[in-house]
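A.B. asks: Supplied in structure tokens, the structure appears directly below.
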2 protein chains.
Amino acid sequence: MTLSHPGAAPSGDPVARCRRLLAPALREAVSVLHPWGAGMAAFTLGWSDVEGRPHEREGGKGLRPAIAMLSAEAAGGSAEAALPAAVAVELVHAFSLVHDDIIDHDERRRHREALWKAYGVGPALLTGDALLALAVRQLAGLPDAMRYLSDALVALVQGQTSDMAFENRPWHGQNEVTVAEYTEMAAGKTGALLGAAAAAGVVLGGAPHLAERMWGMGRDLGIAFQIADDVLGIWGDPQVTGKPVHGDLRREKKTLPVLAALASGGTAARELAAALAEGAGDEDAARQAARLIEDAGGRAVAEELAERHLGAALSVVDGCLPDAADLRTVLASLVNRLH
Amino acid sequence: MTLSHPGAAPSGDPVARCRRLLAPALREAVSVLHPWGAGMAAFTLGWSDVEGRPHEREGGKGLRPAIAMLSAEAAGGSAEAALPAAVAVELVHAFSLVHDDIIDHDERRRHREALWKAYGVGPALLTGDALLALAVRQLAGLPDAMRYLSDALVALVQGQTSDMAFENRPWHGQNEVTVAEYTEMAAGKTGALLGAAAAAGVVLGGAPHLAERMWGMGRDLGIAFQIADDVLGIWGDPQVTGKPVHGDLRREKKTLPVLAALASGGTAARELAAALAEGAGDEDAARQAARLIEDAGGRAVAEELAERHLGAALSVVDGCLPDAADLRTVLASLVNRLH
């Protein structure tokens with residue numbers, strides 16, 4: 001408890017410290033579920049294997065709950081005060097991954113089977129719903145935080161819908177997806193929940209007047225984070241990311257590096273457009289596309305854009321919360337995975 | 001507006017009156033969605049066909065919103081005061097139907113294609129999530145009503161999980177599903193949202209001290225409603241119910257009439273157990289099973305149990321809200337579909 005007291009100087013990895021605070025509260029929230037549902041929730045949260053045996057956690061890092069708790073601390077409150085928001089955003093994140101994997105037919109998640117692959121689509125869908133219901137319950141009695149969570153839920157689903165609608169649009173020509181449209185999609189799909197974590201964090205930390213700016217900060221952070229994810233999806237090590245190599249390329253997802261490469265207009269861009277027009281290919285075709293994206297400058301533009309949006313987010317934090325060193329470190333780490 | 005003023009004597013069909021109040025608020029709530037998502041929501045709410053053309057509504061009757069609004073009126077407030085709760089419970093109901101149809105592979109809903117059948121599993125799943133997110137947003141700033149909605153969401157998912165878990169349990173023997181377990185499942189799956197409608201209704205109508213009793217009333221009402229649904233699922237006219245004939249029987253769902261018939265212990269019960277042990281059969285087998293359930297007294301027990309739980313619900317209403325004639329009519333109509 002003393003570690004997170006506002007007066008104390010926290011040491012060590014701030015995310016790990018927040019994760020230790022989060023763990024018992026998250027387990028308590030999930031414990032009310034039907035035993036079968038609780039088992040599926042435990043699997044998807046990384047607490048047990050498919051047989052229900054406890055194992056070393058390989059779940060998420062808990063970045064969103066850390067943002068909520070560190071925002072509360074930076075606002076002058078305690079990390080504990082933000083626990084309901086921390087639990088809520090982690091549950092919403094877990095819900096969105098479970099449903100995303102069903103929607104995208106992704107069979108792997110975090111080096112294990114996706115929940116639907118392990119238990120079936122129906123049970124997984126219902127487990128996602130259960131995680132969302134538990135998240136909402138966490139903040140039901142705290143309207144000033146709940147408003148941000150509910151706005152984030154709407155924006156998250158809107159962003160996912162846009163992302164899905166992009167798949168039916170052409171790579172090039174009249175109805176092509178623009179970088180501006182991508183940015184709006186990422187701000188919703190990825191930014192809204194980060195913004196809700198930060199906004200609810202400062203609300204519960206005692207500085208509700210900062211909430212709107214932190215909510216806006218989350219949009220920029222989310223755009224930067226999503227672009228970083230796109231870059232890792234093309235050039236990242238599958239051993240590290242836990243995702244199939246070139247998965248986004250083979251699924252013809254409208255990611256920023258590809259959109260930026262196509263927009264660059266050079267020889268590599270034309271070759272890329274021709275290659276993409278031929279449709280989903282094999283691993284060789286994906287490797288070739290990755291090279292063309294890089295040649296056309298798509299990777300450089302993506303990395304620069306991610307840095308720019310991260311910079312905008314950090315400048316909001318610096319303006320609102322000048323002593324938020326731990327929070328700053330965590331936010332930067334979301335994008336610095338690229339280096 | 002005058003029709004729903006607390007002092008006025010409302011005339012005509014109270015559900016139709018509430019539906020007229022609900023319609024613009026519900027459309028406004030859904031209007032913020034991505035155009036593609038809004039189109040799917042309009043289809044599932046019965047406002048348009050699969051091509052997006054407006055058509056005569058064949059959506060739900062709006063019983064849950066009517067319960068919220070009539071509870072608010074009976075508590076001394078206006079129906080308009082309960083609109084946020086009315087919109088929220090209708091959206092949660094729509095969400096649950098969309099996800100249920102995916103889970104159960106039901107291809108038809110309300111005499112039309114189910115949403116997943118018309119648009120695909122991924123888009124339908126996401127539309128369900130969007131409806132839920134919009135529901136939560138309706139009550140985000142009203143914590144005393146939001147608490148009931150969020151408790152209802154958790155209970156609803158728990159009930160659905162129990163119902164799904166029942167499918168993997170035997171009809172007869174050591175691990176058989178009991179009537180008590182069924183009752184608990186129905187109280188969650190069907191009762192919680194009815195209870196939230198009534199409880200949030202009296203909260204927003206100005207009588208929060210009645211909310212806990214109205215929440216409890218919803219449990220009994222839900223059990224009665226679910227049993228009535230089970231009876232209609234076996235003996236109802238598919239032209240009226242919009243569901244496939246004997247669907248529950250062919251899917252071997254653990255419905256109350258079957259559980260009661262098996263528990264009766266006579267010759268027909270033994271014949272029924274033997275028939276069920278042979279697994280899902282054709283239409284002839286289902287018709288034969290329906291006859292055995294009736295011979296074993298399953299239908300009579302179910303109808304009696306539904307009446308008893310409805311009576312318990314109405315006696316709570318009479319105790320809390322002695323002048324709630326319209327509300328009483330609506331609640332009774334939920335179960336009187338049997339006659």
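In the structure tokens, chains take letters A, B, ... by order of appearance, with residues numbered from 1 within each chain and ligands from 1 in the order shown.
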Compile a residue-level contact table for chain A against chain B at a cut-off of 10 Å, reporting for every qualifying residue the shortest atom pair and its distance in Å to one decimal, with only C-alpha atoms counted, rows ordered by chain and ascending number, as a tab-separated table.

C.D. replies:
residue	atom	partner	partner_atom	distance
A:Val32	CA	B:Val154	CA	9.1
A:Leu33	CA	B:Gln158	CA	6.6
A:His34	CA	B:Gln158	CA	6.0
A:Pro35	CA	B:Ser162	CA	9.4
A:Trp36	CA	B:Ala165	CA	7.6
A:Gly37	CA	B:Thr161	CA	6.8
A:Ser96	CA	B:Asp129	CA	9.5
A:His99	CA	B:Leu125	CA	7.7
A:Asp100	CA	B:Gly122	CA	8.5
A:Asp101	CA	B:Gly122	CA	9.6
A:Ile102	CA	B:Gly122	CA	7.0
A:Ile103	CA	B:Gly122	CA	4.3
A:Asp104	CA	B:Gly122	CA	7.5
A:His105	CA	B:Gly122	CA	9.0
A:Gly120	CA	B:Ile103	CA	9.6
A:Val121	CA	B:Ile103	CA	7.3
A:Gly122	CA	B:Ile103	CA	4.3
A:Pro123	CA	B:Ile103	CA	7.6
A:Ala124	CA	B:Ile103	CA	9.4
A:Leu125	CA	B:Ile103	CA	7.6
A:Leu126	CA	B:Val157	CA	6.9
A:Thr127	CA	B:Val157	CA	8.3
A:Gly128	CA	B:Asp129	CA	9.7
A:Asp129	CA	B:Val157	CA	7.0
A:Ala130	CA	B:Val157	CA	5.8
A:Leu131	CA	B:Val154	CA	8.9
A:Leu132	CA	B:Val154	CA	8.8
A:Ala133	CA	B:Val154	CA	5.3
A:Leu134	CA	B:Val154	CA	6.4
A:Ala135	CA	B:Ser150	CA	9.0
A:Val136	CA	B:Ser150	CA	6.1
A:Arg137	CA	B:Ser150	CA	5.1
A:Gln138	CA	B:Ser150	CA	8.8
A:Leu139	CA	B:Arg147	CA	8.9
A:Ala140	CA	B:Arg147	CA	5.3
A:Gly141	CA	B:Pro143	CA	4.9
A:Leu142	CA	B:Pro143	CA	6.8
A:Pro143	CA	B:Gly141	CA	4.9
A:Asp144	CA	B:Gly141	CA	7.2
A:Ala145	CA	B:Ala140	CA	8.9
A:Met146	CA	B:Ala140	CA	5.6
A:Arg147	CA	B:Ala140	CA	5.3
A:Tyr148	CA	B:Ala140	CA	8.7
A:Leu149	CA	B:Ala140	CA	8.6
A:Ser150	CA	B:Arg137	CA	5.0
A:Asp151	CA	B:Arg137	CA	6.7
A:Ala152	CA	B:Ala133	CA	8.8
A:Leu153	CA	B:Ala133	CA	5.5
A:Val154	CA	B:Ala133	CA	5.3
A:Ala155	CA	B:Ala133	CA	9.0
A:Leu156	CA	B:Ala130	CA	8.9
A:Val157	CA	B:Ala130	CA	5.8
A:Gln158	CA	B:His34	CA	6.0
A:Gly159	CA	B:His34	CA	8.7
A:Gln160	CA	B:Leu126	CA	7.9
A:Thr161	CA	B:Gly37	CA	6.8
A:Ser162	CA	B:His34	CA	7.2
A:Met164	CA	B:Pro123	CA	8.1
A:Ala165	CA	B:Trp36	CA	7.6

A.B. asks: Based on DSSP run over this structure's backbone, return all residues of stretch 61-106 of chain A in alpha helix (DSSP H), as a PyMOL selection string.

C.D. replies: chain A and resi 63-74+83-104

A.B. asks: Find the spatial neighbours of stretch 276-290 of chain B, counting only C-alpha atoms, within a cut-off of 9 Å - ignore same-chain residues fewer than 4 positions away - and output them as a list in words.

C.D. replies: Pro170, Trp171, His172, Ile234, Trp235, Val245, His246, Gly247, Leu249, Arg250, Arg251, Glu252, Val258, Glu271, Leu272, Glu294 and Asp295 of chain B

A.B. asks: As a list in words, please: every residue in stretch 56-209 of chain A that a backbone DSSP assignment puts in strand (DSSP E or B).

C.D. replies: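 Assigned to strand (DSSP E or B), within stretch 56-209 of chain A: Arg108, Arg109, Arg112 and Glu113 of chain A.
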
A.B. asks: Those same residues - C-alpha atoms - I'd like them written as a PDB file, in the first residue's frame.

C.D. replies:
ATOM      1  CA  ARG A 108      -3.794 -17.591 -31.895  1.00  0.00           C
ATOM      2  CA  ARG A 109      -3.531 -14.973 -29.155  1.00  0.00           C
ATOM      3  CA  ARG A 112      -1.863 -19.724 -27.140  1.00  0.00           C
ATOM      4  CA  GLU A 113      -5.115 -20.689 -28.781  1.00  0.00           C
TER       5      GLU A 113
END

A.B. asks: In Å, with one decimal, what is the gap from atom CA of B:Asp326 to atom CA of B:Gly76?

C.D. replies: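 Taking atom CA of B:Asp326 as the start and atom CA of B:Gly76 as the end point, the length is 13.4 Å.
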